[in-house]
Every structure is written in C-alpha cells, then in structure tokens.
file model-v2.pdb (PDB, C-alpha atoms and all ligand atoms)
ATOM      1  CA  MET K   1      -9.697  17.172 -22.462  1.00  0.00           C
ATOM      2  CA  ALA K   2      -6.394  19.033 -22.221  1.00  0.00           C
ATOM      3  CA  ASP K   3      -5.262  17.927 -18.781  1.00  0.00           C
ATOM      4  CA  GLU K   4      -6.422  14.345 -18.840  1.00  0.00           C
ATOM      5  CA  LEU K   5      -4.146  11.849 -17.093  1.00  0.00           C
ATOM      6  CA  ILE K   6      -3.620   8.484 -18.781  1.00  0.00           C
ATOM      7  CA  LEU K   7      -1.527   5.688 -17.296  1.00  0.00           C
ATOM      8  CA  TYR K   8      -0.148   3.193 -19.802  1.00  0.00           C
ATOM      9  CA  THR K   9       0.619   0.074 -17.896  1.00  0.00           C
ATOM     10  CA  ASN K  10       0.437  -3.636 -17.371  1.00  0.00           C
ATOM     11  CA  PRO K  11      -0.571  -4.955 -13.943  1.00  0.00           C
ATOM     12  CA  MET K  12       2.533  -7.167 -13.875  1.00  0.00           C
ATOM     13  CA  SER K  13       5.040  -4.354 -14.195  1.00  0.00           C
ATOM     14  CA  ARG K  14       6.620  -1.302 -12.627  1.00  0.00           C
ATOM     15  CA  GLY K  15       3.371   0.361 -13.667  1.00  0.00           C
ATOM     16  CA  ARG K  16       2.152  -0.670 -10.215  1.00  0.00           C
ATOM     17  CA  ILE K  17       4.411   1.956  -8.720  1.00  0.00           C
ATOM     18  CA  ALA K  18       3.023   4.652 -11.017  1.00  0.00           C
ATOM     19  CA  ARG K  19      -0.521   3.613 -10.186  1.00  0.00           C
ATOM     20  CA  TRP K  20       0.193   3.862  -6.466  1.00  0.00           C
ATOM     21  CA  MET K  21       1.534   7.367  -7.073  1.00  0.00           C
ATOM     22  CA  LEU K  22      -1.614   8.298  -9.014  1.00  0.00           C
ATOM     23  CA  GLU K  23      -3.753   6.971  -6.174  1.00  0.00           C
ATOM     24  CA  GLU K  24      -1.760   9.101  -3.712  1.00  0.00           C
ATOM     25  CA  VAL K  25      -2.284  12.156  -5.921  1.00  0.00           C
ATOM     26  CA  GLY K  26      -6.026  11.538  -5.954  1.00  0.00           C
ATOM     27  CA  GLN K  27      -6.805  13.060  -9.367  1.00  0.00           C
ATOM     28  CA  PRO K  28      -8.993  11.168 -11.845  1.00  0.00           C
ATOM     29  CA  TYR K  29      -7.000   9.195 -14.397  1.00  0.00           C
ATOM     30  CA  LYS K  30      -7.609   6.656 -17.123  1.00  0.00           C
ATOM     31  CA  THR K  31      -5.759   3.386 -17.443  1.00  0.00           C
ATOM     32  CA  GLU K  32      -4.653   1.800 -20.702  1.00  0.00           C
ATOM     33  CA  VAL K  33      -3.511  -1.752 -20.166  1.00  0.00           C
ATOM     34  CA  LEU K  34      -0.971  -2.942 -22.713  1.00  0.00           C
ATOM     35  CA  ASP K  35      -0.080  -6.480 -23.582  1.00  0.00           C
ATOM     36  CA  TYR K  36       3.634  -7.336 -23.458  1.00  0.00           C
ATOM     37  CA  THR K  37       3.754  -9.018 -26.823  1.00  0.00           C
ATOM     38  CA  SER K  38       1.268  -7.044 -28.894  1.00  0.00           C
ATOM     39  CA  THR K  39       0.082  -3.527 -28.023  1.00  0.00           C
ATOM     40  CA  MET K  40       3.262  -2.623 -26.098  1.00  0.00           C
ATOM     41  CA  LYS K  41       5.261  -3.081 -29.291  1.00  0.00           C
ATOM     42  CA  GLY K  42       2.689  -1.616 -31.667  1.00  0.00           C
ATOM     43  CA  PRO K  43       3.139   1.709 -33.489  1.00  0.00           C
ATOM     44  CA  ALA K  44       0.521   3.546 -31.416  1.00  0.00           C
ATOM     45  CA  TYR K  45       2.362   2.871 -28.156  1.00  0.00           C
ATOM     46  CA  LEU K  46       5.851   3.173 -29.637  1.00  0.00           C
ATOM     47  CA  ALA K  47       4.897   6.740 -30.568  1.00  0.00           C
ATOM     48  CA  ILE K  48       4.403   7.338 -26.835  1.00  0.00           C
ATOM     49  CA  ASN K  49       7.404   5.368 -25.602  1.00  0.00           C
ATOM     50  CA  PRO K  50       9.840   4.201 -28.296  1.00  0.00           C
ATOM     51  CA  MET K  51      11.291   1.823 -25.690  1.00  0.00           C
ATOM     52  CA  GLY K  52       8.077  -0.193 -25.885  1.00  0.00           C
ATOM     53  CA  LYS K  53       8.063  -0.405 -22.108  1.00  0.00           C
ATOM     54  CA  VAL K  54       5.610   0.495 -19.383  1.00  0.00           C
ATOM     55  CA  PRO K  55       4.743   2.540 -17.484  1.00  0.00           C
ATOM     56  CA  ALA K  56       4.221   5.807 -19.312  1.00  0.00           C
ATOM     57  CA  LEU K  57       2.036   8.695 -18.298  1.00  0.00           C
ATOM     58  CA  ARG K  58       0.270  11.211 -20.469  1.00  0.00           C
ATOM     59  CA  HIS K  59      -0.865  14.477 -18.904  1.00  0.00           C
ATOM     60  CA  GLY K  60      -2.598  16.562 -21.523  1.00  0.00           C
ATOM     61  CA  ASP K  61       0.005  16.883 -24.272  1.00  0.00           C
ATOM     62  CA  ALA K  62       2.937  15.950 -22.000  1.00  0.00           C
ATOM     63  CA  VAL K  63       4.356  12.440 -21.875  1.00  0.00           C
ATOM     64  CA  VAL K  64       6.642  11.137 -19.166  1.00  0.00           C
ATOM     65  CA  THR K  65       8.240   7.706 -19.005  1.00  0.00           C
ATOM     66  CA  GLU K  66      10.582   6.174 -16.394  1.00  0.00           C
ATOM     67  CA  THR K  67       8.808   5.257 -13.201  1.00  0.00           C
ATOM     68  CA  ALA K  68      10.855   7.521 -10.947  1.00  0.00           C
ATOM     69  CA  ALA K  69      10.307  10.454 -13.304  1.00  0.00           C
ATOM     70  CA  ILE K  70       6.556   9.765 -13.369  1.00  0.00           C
ATOM     71  CA  CYS K  71       6.488   9.866  -9.564  1.00  0.00           C
ATOM     72  CA  ALA K  72       8.530  13.067  -9.415  1.00  0.00           C
ATOM     73  CA  TYR K  73       6.448  14.689 -12.167  1.00  0.00           C
ATOM     74  CA  LEU K  74       3.144  13.915 -10.467  1.00  0.00           C
ATOM     75  CA  ALA K  75       4.375  15.170  -7.109  1.00  0.00           C
ATOM     76  CA  ASP K  76       5.281  18.523  -8.674  1.00  0.00           C
ATOM     77  CA  ALA K  77       2.248  18.755 -10.968  1.00  0.00           C
ATOM     78  CA  PHE K  78      -0.099  18.280  -7.995  1.00  0.00           C
ATOM     79  CA  PRO K  79       1.648  19.983  -5.060  1.00  0.00           C
ATOM     80  CA  GLN K  80      -1.595  20.004  -3.074  1.00  0.00           C
ATOM     81  CA  ALA K  81      -1.075  16.256  -2.507  1.00  0.00           C
ATOM     82  CA  GLY K  82       2.032  17.079  -0.434  1.00  0.00           C
ATOM     83  CA  LEU K  83       4.169  14.324  -1.951  1.00  0.00           C
ATOM     84  CA  ALA K  84       7.390  16.321  -2.365  1.00  0.00           C
ATOM     85  CA  PRO K  85       9.166  19.085  -0.511  1.00  0.00           C
ATOM     86  CA  PRO K  86       8.617  22.335  -2.455  1.00  0.00           C
ATOM     87  CA  PRO K  87      11.171  23.222  -5.167  1.00  0.00           C
ATOM     88  CA  GLY K  88      14.099  25.039  -3.614  1.00  0.00           C
ATOM     89  CA  HIS K  89      13.438  23.653  -0.135  1.00  0.00           C
ATOM     90  CA  ARG K  90      16.401  22.030   1.574  1.00  0.00           C
ATOM     91  CA  LEU K  91      14.518  18.782   1.893  1.00  0.00           C
ATOM     92  CA  ARG K  92      14.765  18.539  -1.874  1.00  0.00           C
ATOM     93  CA  ALA K  93      18.308  17.346  -1.198  1.00  0.00           C
ATOM     94  CA  PRO K  94      17.405  14.003   0.409  1.00  0.00           C
ATOM     95  CA  TYR K  95      14.304  13.803  -1.780  1.00  0.00           C
ATOM     96  CA  TYR K  96      16.302  13.920  -5.017  1.00  0.00           C
ATOM     97  CA  ARG K  97      19.135  11.947  -3.515  1.00  0.00           C
ATOM     98  CA  TRP K  98      17.077   8.859  -2.728  1.00  0.00           C
ATOM     99  CA  LEU K  99      14.856   9.032  -5.795  1.00  0.00           C
ATOM    100  CA  PHE K 100      17.917   9.090  -8.043  1.00  0.00           C
ATOM    101  CA  PHE K 101      19.757   6.549  -5.913  1.00  0.00           C
ATOM    102  CA  ALA K 102      16.888   4.104  -6.324  1.00  0.00           C
ATOM    103  CA  ALA K 103      16.461   4.712 -10.074  1.00  0.00           C
ATOM    104  CA  GLY K 104      20.207   4.522 -10.729  1.00  0.00           C
ATOM    105  CA  PRO K 105      22.550   2.579  -8.451  1.00  0.00           C
ATOM    106  CA  PHE K 106      19.890   0.530  -6.665  1.00  0.00           C
ATOM    107  CA  GLU K 107      18.059  -0.504  -9.838  1.00  0.00           C
ATOM    108  CA  ALA K 108      21.319  -1.412 -11.585  1.00  0.00           C
ATOM    109  CA  ALA K 109      22.595  -3.348  -8.572  1.00  0.00           C
ATOM    110  CA  SER K 110      19.321  -5.295  -8.202  1.00  0.00           C
ATOM    111  CA  SER K 111      19.156  -6.115 -11.913  1.00  0.00           C
ATOM    112  CA  ASN K 112      22.729  -7.366 -11.929  1.00  0.00           C
ATOM    113  CA  LYS K 113      22.038  -9.364  -8.772  1.00  0.00           C
ATOM    114  CA  ALA K 114      19.047 -11.005 -10.492  1.00  0.00           C
ATOM    115  CA  LEU K 115      21.279 -11.889 -13.454  1.00  0.00           C
ATOM    116  CA  GLY K 116      24.018 -13.224 -11.192  1.00  0.00           C
ATOM    117  CA  VAL K 117      26.436 -10.530 -12.353  1.00  0.00           C
ATOM    118  CA  VAL K 118      29.082  -9.780  -9.727  1.00  0.00           C
ATOM    119  CA  VAL K 119      31.304  -6.749 -10.218  1.00  0.00           C
ATOM    120  CA  PRO K 120      34.978  -7.729  -9.956  1.00  0.00           C
ATOM    121  CA  PRO K 121      36.490  -5.752  -7.036  1.00  0.00           C
ATOM    122  CA  GLU K 122      38.959  -3.996  -9.345  1.00  0.00           C
ATOM    123  CA  ARG K 123      36.022  -2.641 -11.458  1.00  0.00           C
ATOM    124  CA  GLU K 124      33.911  -1.339  -8.543  1.00  0.00           C
ATOM    125  CA  ARG K 125      35.431   2.098  -8.847  1.00  0.00           C
ATOM    126  CA  MET K 126      33.954   2.620 -12.308  1.00  0.00           C
ATOM    127  CA  MET K 127      30.562   1.053 -11.495  1.00  0.00           C
ATOM    128  CA  GLY K 128      28.046   3.679 -10.341  1.00  0.00           C
ATOM    129  CA  TYR K 129      26.876   1.391  -7.599  1.00  0.00           C
ATOM    130  CA  GLY K 130      30.192  -0.043  -6.488  1.00  0.00           C
ATOM    131  CA  ASN K 131      28.899  -3.358  -5.265  1.00  0.00           C
ATOM    132  CA  PHE K 132      25.572  -4.825  -4.196  1.00  0.00           C
ATOM    133  CA  ALA K 133      26.375  -4.986  -0.463  1.00  0.00           C
ATOM    134  CA  LEU K 134      27.429  -1.336  -0.432  1.00  0.00           C
ATOM    135  CA  VAL K 135      24.101  -0.316  -1.985  1.00  0.00           C
ATOM    136  CA  LEU K 136      22.057  -2.360   0.479  1.00  0.00           C
ATOM    137  CA  ASN K 137      24.000  -1.121   3.495  1.00  0.00           C
ATOM    138  CA  THR K 138      23.567   2.462   2.337  1.00  0.00           C
ATOM    139  CA  LEU K 139      19.828   1.995   1.924  1.00  0.00           C
ATOM    140  CA  GLU K 140      19.515   0.220   5.237  1.00  0.00           C
ATOM    141  CA  ASP K 141      21.136   3.169   6.944  1.00  0.00           C
ATOM    142  CA  ALA K 142      18.871   5.621   5.069  1.00  0.00           C
ATOM    143  CA  VAL K 143      15.592   3.901   5.957  1.00  0.00           C
ATOM    144  CA  SER K 144      16.680   3.376   9.579  1.00  0.00           C
ATOM    145  CA  ARG K 145      17.235   7.068  10.300  1.00  0.00           C
ATOM    146  CA  GLY K 146      13.607   8.110  10.519  1.00  0.00           C
ATOM    147  CA  HIS K 147      10.159   7.181   9.368  1.00  0.00           C
ATOM    148  CA  TYR K 148      10.670   8.757   5.945  1.00  0.00           C
ATOM    149  CA  LEU K 149      13.539   9.659   3.645  1.00  0.00           C
ATOM    150  CA  ALA K 150      12.905  13.382   3.159  1.00  0.00           C
ATOM    151  CA  GLY K 151      11.942  14.931   6.472  1.00  0.00           C
ATOM    152  CA  ASP K 152       8.989  13.959   8.639  1.00  0.00           C
ATOM    153  CA  GLY K 153       6.512  13.331   5.866  1.00  0.00           C
ATOM    154  CA  PHE K 154       5.943  10.597   3.311  1.00  0.00           C
ATOM    155  CA  SER K 155       7.058  11.638  -0.179  1.00  0.00           C
ATOM    156  CA  ALA K 156       7.352  10.270  -3.699  1.00  0.00           C
ATOM    157  CA  ALA K 157      10.910   9.263  -2.770  1.00  0.00           C
ATOM    158  CA  ASP K 158       9.540   6.855  -0.137  1.00  0.00           C
ATOM    159  CA  LEU K 159       6.987   5.540  -2.599  1.00  0.00           C
ATOM    160  CA  TYR K 160       9.630   4.771  -5.204  1.00  0.00           C
ATOM    161  CA  VAL K 161      12.402   3.531  -2.905  1.00  0.00           C
ATOM    162  CA  GLY K 162       9.899   1.520  -0.847  1.00  0.00           C
ATOM    163  CA  SER K 163       8.439  -0.091  -3.952  1.00  0.00           C
ATOM    164  CA  GLN K 164      11.859  -1.120  -5.197  1.00  0.00           C
ATOM    165  CA  LEU K 165      12.623  -2.618  -1.805  1.00  0.00           C
ATOM    166  CA  GLY K 166       9.211  -4.235  -1.421  1.00  0.00           C
ATOM    167  CA  PHE K 167       9.178  -5.821  -4.874  1.00  0.00           C
ATOM    168  CA  GLY K 168      12.848  -6.747  -4.513  1.00  0.00           C
ATOM    169  CA  MET K 169      12.135  -8.603  -1.263  1.00  0.00           C
ATOM    170  CA  MET K 170       9.039 -10.236  -2.738  1.00  0.00           C
ATOM    171  CA  PHE K 171      11.000 -11.586  -5.702  1.00  0.00           C
ATOM    172  CA  GLY K 172      13.934 -12.662  -3.528  1.00  0.00           C
ATOM    173  CA  MET K 173      16.443 -10.200  -5.023  1.00  0.00           C
ATOM    174  CA  ILE K 174      16.728  -8.179  -1.825  1.00  0.00           C
ATOM    175  CA  GLU K 175      17.368  -9.834   1.505  1.00  0.00           C
ATOM    176  CA  LYS K 176      14.684  -9.252   4.117  1.00  0.00           C
ATOM    177  CA  ARG K 177      16.580  -7.102   6.567  1.00  0.00           C
ATOM    178  CA  PRO K 178      14.384  -5.960   9.499  1.00  0.00           C
ATOM    179  CA  ALA K 179      14.854  -2.277   8.611  1.00  0.00           C
ATOM    180  CA  PHE K 180      13.642  -2.915   5.051  1.00  0.00           C
ATOM    181  CA  GLU K 181      10.651  -4.933   6.240  1.00  0.00           C
ATOM    182  CA  GLN K 182       9.609  -2.338   8.813  1.00  0.00           C
ATOM    183  CA  TYR K 183       9.920   0.461   6.290  1.00  0.00           C
ATOM    184  CA  TRP K 184       7.972  -1.405   3.620  1.00  0.00           C
ATOM    185  CA  GLN K 185       5.288  -2.460   6.100  1.00  0.00           C
ATOM    186  CA  ARG K 186       4.786   1.172   7.072  1.00  0.00           C
ATOM    187  CA  LEU K 187       4.438   2.318   3.453  1.00  0.00           C
ATOM    188  CA  SER K 188       2.490  -0.563   1.997  1.00  0.00           C
ATOM    189  CA  ASN K 189      -0.345  -0.121   4.476  1.00  0.00           C
ATOM    190  CA  ARG K 190      -1.161   3.307   3.122  1.00  0.00           C
ATOM    191  CA  PRO K 191      -4.725   3.441   1.756  1.00  0.00           C
ATOM    192  CA  ALA K 192      -3.532   4.582  -1.688  1.00  0.00           C
ATOM    193  CA  CYS K 193      -1.119   1.654  -1.905  1.00  0.00           C
ATOM    194  CA  LEU K 194      -3.862  -0.803  -0.956  1.00  0.00           C
ATOM    195  CA  ARG K 195      -6.231   0.748  -3.500  1.00  0.00           C
ATOM    196  CA  ALA K 196      -3.626   0.565  -6.243  1.00  0.00           C
ATOM    197  CA  ARG K 197      -2.905  -3.083  -5.422  1.00  0.00           C
ATOM    198  CA  GLU K 198      -6.594  -3.909  -5.566  1.00  0.00           C
ATOM    199  CA  LEU K 199      -6.970  -2.241  -8.971  1.00  0.00           C
ATOM    200  CA  ASP K 200      -3.951  -4.048 -10.395  1.00  0.00           C
ATOM    201  CA  GLU K 201      -5.004  -7.396  -8.954  1.00  0.00           C
ATOM    202  CA  ALA K 202      -8.409  -6.913 -10.596  1.00  0.00           C
ATOM    203  CA  GLN K 203      -6.610  -6.344 -13.914  1.00  0.00           C
ATOM    204  CA  VAL K 204      -4.553  -9.501 -13.390  1.00  0.00           C
ATOM    205  CA  ALA K 205      -7.730 -11.493 -12.717  1.00  0.00           C
ATOM    206  CA  GLN K 206      -9.322 -10.026 -15.827  1.00  0.00           C
ATOM    207  CA  GLN K 207      -6.299 -10.983 -17.937  1.00  0.00           C
ATOM    208  CA  LYS K 208      -6.358 -14.516 -16.539  1.00  0.00           C
ATOM    209  CA  ALA K 209     -10.066 -14.876 -17.225  1.00  0.00           C
ATOM    210  CA  ALA K 210      -9.513 -13.699 -20.805  1.00  0.00           C
ATOM    211  CA  GLY K 211      -6.870 -16.436 -21.175  1.00  0.00           C
TER
HETATM  212  N1  LIG F   1      13.432   2.252 -16.732  1.00  0.00           N
HETATM  213  C1  LIG F   1      12.043   1.927 -16.905  1.00  0.00           C
HETATM  214  C2  LIG F   1      11.926   0.433 -17.003  1.00  0.00           C
HETATM  215  C3  LIG F   1      10.592   0.024 -17.551  1.00  0.00           C
HETATM  216  C4  LIG F   1      10.541  -1.462 -17.790  1.00  0.00           C
HETATM  217  O1  LIG F   1      11.564  -2.136 -17.981  1.00  0.00           O
HETATM  218  N2  LIG F   1       9.320  -1.986 -17.813  1.00  0.00           N
HETATM  219  C5  LIG F   1       9.131  -3.385 -18.107  1.00  0.00           C
HETATM  220  C6  LIG F   1       8.052  -3.943 -17.178  1.00  0.00           C
HETATM  221  S1  LIG F   1       8.449  -3.773 -15.471  1.00  0.00           S
HETATM  222  C7  LIG F   1       8.608  -3.526 -19.512  1.00  0.00           C
HETATM  223  O2  LIG F   1       7.792  -2.761 -19.949  1.00  0.00           O
HETATM  224  N3  LIG F   1       9.092  -4.534 -20.253  1.00  0.00           N
HETATM  225  C8  LIG F   1       8.589  -4.827 -21.562  1.00  0.00           C
HETATM  226  C9  LIG F   1       9.657  -5.054 -22.570  1.00  0.00           C
HETATM  227  O3  LIG F   1      10.785  -4.600 -22.388  1.00  0.00           O
HETATM  228  O4  LIG F   1       9.369  -5.672 -23.569  1.00  0.00           O
HETATM  229  C10 LIG F   1      11.230   2.476 -15.731  1.00  0.00           C
HETATM  230  O5  LIG F   1      11.785   2.685 -14.660  1.00  0.00           O
HETATM  231  O6  LIG F   1      10.030   2.729 -15.891  1.00  0.00           O
END

call {"tool": "encode", "arguments": {"input": "model-v2.pdb", "output": "structure tokens"}}
result
Amino acid sequence: MADELILYTNPMSRGRIARWMLEEVGQPYKTEVLDYTSTMKGPAYLAINPMGKVPALRHGDAVVTETAAICAYLADAFPQAGLAPPPGHRLRAPYYRWLFFAAGPFEAASSNKALGVVVPPERERMMGYGNFALVLNTLEDAVSRGHYLAGDGFSAADLYVGSQLGFGMMFGMIEKRPAFEQYWQRLSNRPACLRARELDEAQVAQQKAAG
C-alpha cells in the first residue's frame, strides 16, 4: 500500500516520542520493533537508516529519520491533526525555533551533561549551546510564557520539547524546575501520550517475557 506508515522503533528509545506523535496524528500505522544488538544493525534496517539507530519512519516510499524531523514531517503530512501552524504562518517562527532548539542545543547540552562534559568558559562562544545553565534558563523562560510554545495550541514542538524535558527529568539529567514539571504534566496527560506509553510498555513487557 503506497501510503502505509511504518514506525521502526524500540520501546526503550526515542522511538517513544515518534509513537506519541503518531498517536496524536491518529492515522493507522504499523510498528516494527528492532533489537539493539541484532536487527538494528542488520542490512535490512541499515538500508533504511545507515546510522543503525531508531526511530525511523516510512511513509509510502519516503523515509524520515531523526525524531524531531519525524514529528515535523507528520505534522505537515497530516495537517488535519492540527499539530503545526500552517506553512508560512507567523507562528512557524516559534514552532521551528523550539523544535530546532530542542534537537540541537538542548540535545547536545543534555548529552554532554550526562557524560559529565563541562564546556570551558573560554570555549562557550564556539559551542552552539553555550553552557548547560544557559540552555535550561532559556527553556524555562520559554515554557513559562504560556501553555504552549507556538501560540495557543499544542503542537509538535511541544511534543518534542516536552518529551526531551520529561525524559531528561526522569533520568536525572534535567533538574526538576517547577516550570518544567508543570509543562510536562500538562502534556503527558494527553490521551495520545497515555496511549503511546501503554503501547510501548506492552512492548517492554513482551521483550522481558521473551527473555
Ligand atoms: N538523532 C537521533 C538519535 C537516535 C538515537 O540515538 N537513538 C538511539 C536510541 S534512543 C539508538 O537507536 N541507539 C542505538 C545505537 O546507536 O546503537 C534522533 O533524534 O532520532
């Protein structure tokens, strides 16, 4: 079927974010669960994503990898779901801004934080994120300004930024500032997020049962 949606994922991965996005979109999709050590590094999957990483999304003959790109792609491919301001709309400015901020500076800052890498002050100028505190303060300000990041409605930018914050707080990489917790609480109670969590938890249980 030409327009079939297939999510390549593992329930213990950023694929959870892509699944939440698919649940928000509400179109039927198939899930292919990949194992970190075998199928994810096998030729069939490397032909889809040579990085050997999940998630990836196939939509007909199109393939998109990178979680933020998957979210942005789905929002545009299914505009009826209302998950992005329309192309050309001024709200695309904050929408793109925070999606890219989370996929770039925020992701890099969190990863370095997890590795214990601290940017020497004299190198902050050449680091896209400057320093970790600067990134967190900037995000705290952004999520404190309103309910959502791009206008009055929830968008794929909230889904992606919120997930990074939520998972970051869960794994202890991001401090639990009240603004982050309130924002994440608001987003993570959405029915699509709860459905996605349930589906991934069922996959985890299945993997455990299979040993
Ligand atoms: N930049 C990618 C990162 C994807 C990524 O690192 N995925 C991890 C799981 S969360 C993975 O597949 N790791 C397997 C490996 O590298 O072997 C994205 O945003 O989707």

call {"tool": "residues_near_ligand", "arguments": {"input": "model-v2.pdb", "ligand": "ligand LIG 1 (chain F)", "cutoff": "6 Å", "atoms": "only C-alpha atoms and all ligand atoms", "output": "ChimeraX atom specification"}}
result
/K:13-14,36,53-55,66-67

call {"tool": "residues_around", "arguments": {"input": "model-v2.pdb", "residues": "segment 206-210 of chain K", "least_positions_apart": "5", "cutoff": "12 Å", "atoms": "only C-alpha atoms", "output": "short mmCIF file (atom, residue, chain, number, x, y, z; two decimals) with C-alpha atoms, in the coordinates of the input"}}
result
data_model
loop_
_atom_site.label_atom_id
_atom_site.label_comp_id
_atom_site.auth_asym_id
_atom_site.auth_seq_id
_atom_site.Cartn_x
_atom_site.Cartn_y
_atom_site.Cartn_z
CA ASN K 10 0.44 -3.64 -17.37
CA PRO K 11 -0.57 -4.96 -13.94
CA MET K 12 2.53 -7.17 -13.88
CA VAL K 33 -3.51 -1.75 -20.17
CA LEU K 34 -0.97 -2.94 -22.71
CA ASP K 35 -0.08 -6.48 -23.58
CA TYR K 36 3.63 -7.34 -23.46
CA LEU K 199 -6.97 -2.24 -8.97
CA ASP K 200 -3.95 -4.05 -10.40
CA GLU K 201 -5.00 -7.40 -8.95
#

call {"tool": "atom_distance", "arguments": {"input": "model-v2.pdb", "atom1": "atom CA of Gly128 of chain K", "atom2": "atom CA of Phe106 of chain K"}}
result
9.5 Å

call {"tool": "closest_residue", "arguments": {"input": "model-v2.pdb", "among": "K:Ala196, K:Val161, K:Ala47, K:Ala108", "to": "Val25 of chain K", "atoms": "all atoms listed in the file"}}
result
K:Ala196

call {"tool": "closest_residue", "arguments": {"input": "model-v2.pdb", "among": "K:Gly153, K:Gly15, K:Gly116, K:Pro86", "to": "Met173 of chain K", "atoms": "only C-alpha atoms"}}
result
K:Gly116

call {"tool": "closest_residue", "arguments": {"input": "model-v2.pdb", "among": "K:Asp158, K:Glu124, K:Asp141, K:Glu198", "to": "Met21 of chain K", "atoms": "only C-alpha atoms"}}
result
K:Asp158

call {"tool": "resolve_selection", "arguments": {"input": "model-v2.pdb", "expression": "the PyMOL selection byres (((chain K and resi 78) around 12) and not hetatm)", "output": "list in words"}}
result
Asp3, Leu5, Met21, Leu22, Glu24, Val25, Gly26, Gln27, His59, Cys71, Ala72, Tyr73, Leu74, Ala75, Asp76, Ala77, Pro79, Gln80, Ala81, Gly82, Leu83, Ala84, Pro85, Pro86 and Ala156 of chain K

call {"tool": "resolve_selection", "arguments": {"input": "model-v2.pdb", "expression": "the PyMOL selection byres (((chain K and resi 151) around 12) and not hetatm)", "output": "short mmCIF file (atom, residue, chain, number, x, y, z; two decimals) with C-alpha atoms, keeping the file's coordinate frame"}}
result
data_model
loop_
_atom_site.label_atom_id
_atom_site.label_comp_id
_atom_site.auth_asym_id
_atom_site.auth_seq_id
_atom_site.Cartn_x
_atom_site.Cartn_y
_atom_site.Cartn_z
CA LEU K 83 4.17 14.32 -1.95
CA ALA K 84 7.39 16.32 -2.37
CA PRO K 85 9.17 19.08 -0.51
CA HIS K 89 13.44 23.65 -0.14
CA ARG K 90 16.40 22.03 1.57
CA LEU K 91 14.52 18.78 1.89
CA ARG K 92 14.76 18.54 -1.87
CA ALA K 93 18.31 17.35 -1.20
CA PRO K 94 17.40 14.00 0.41
CA TYR K 95 14.30 13.80 -1.78
CA ALA K 142 18.87 5.62 5.07
CA VAL K 143 15.59 3.90 5.96
CA ARG K 145 17.24 7.07 10.30
CA GLY K 146 13.61 8.11 10.52
CA HIS K 147 10.16 7.18 9.37
CA TYR K 148 10.67 8.76 5.94
CA LEU K 149 13.54 9.66 3.64
CA ALA K 150 12.90 13.38 3.16
CA ASP K 152 8.99 13.96 8.64
CA GLY K 153 6.51 13.33 5.87
CA PHE K 154 5.94 10.60 3.31
CA SER K 155 7.06 11.64 -0.18
CA ALA K 157 10.91 9.26 -2.77
CA ASP K 158 9.54 6.86 -0.14
#

call {"tool": "residues_around", "arguments": {"input": "model-v2.pdb", "residues": "Gln182 of chain K", "least_positions_apart": "2", "cutoff": "12 Å", "atoms": "only C-alpha atoms", "output": "NGL selection string"}}
result
:K and (140 or 143-144 or 146-148 or 162 or 165-166 or 176-180 or 184-189)

call {"tool": "atom_distance", "arguments": {"input": "model-v2.pdb", "atom1": "atom CA of Ala69 of chain K", "atom2": "atom CA of Tyr129 of chain K"}}
result
19.7 Å

call {"tool": "residues_near_point", "arguments": {"input": "model-v2.pdb", "point": "(3.1, -1.1, -26.8)", "cutoff": "10 Å", "atoms": "only C-alpha atoms", "output": "list in words"}}
result
Tyr8, Thr9, Val33, Leu34, Asp35, Tyr36, Thr37, Ser38, Thr39, Met40, Lys41, Gly42, Pro43, Ala44, Tyr45, Leu46, Ala47, Ile48, Asn49, Pro50, Met51, Gly52, Lys53 and Val54 of chain K
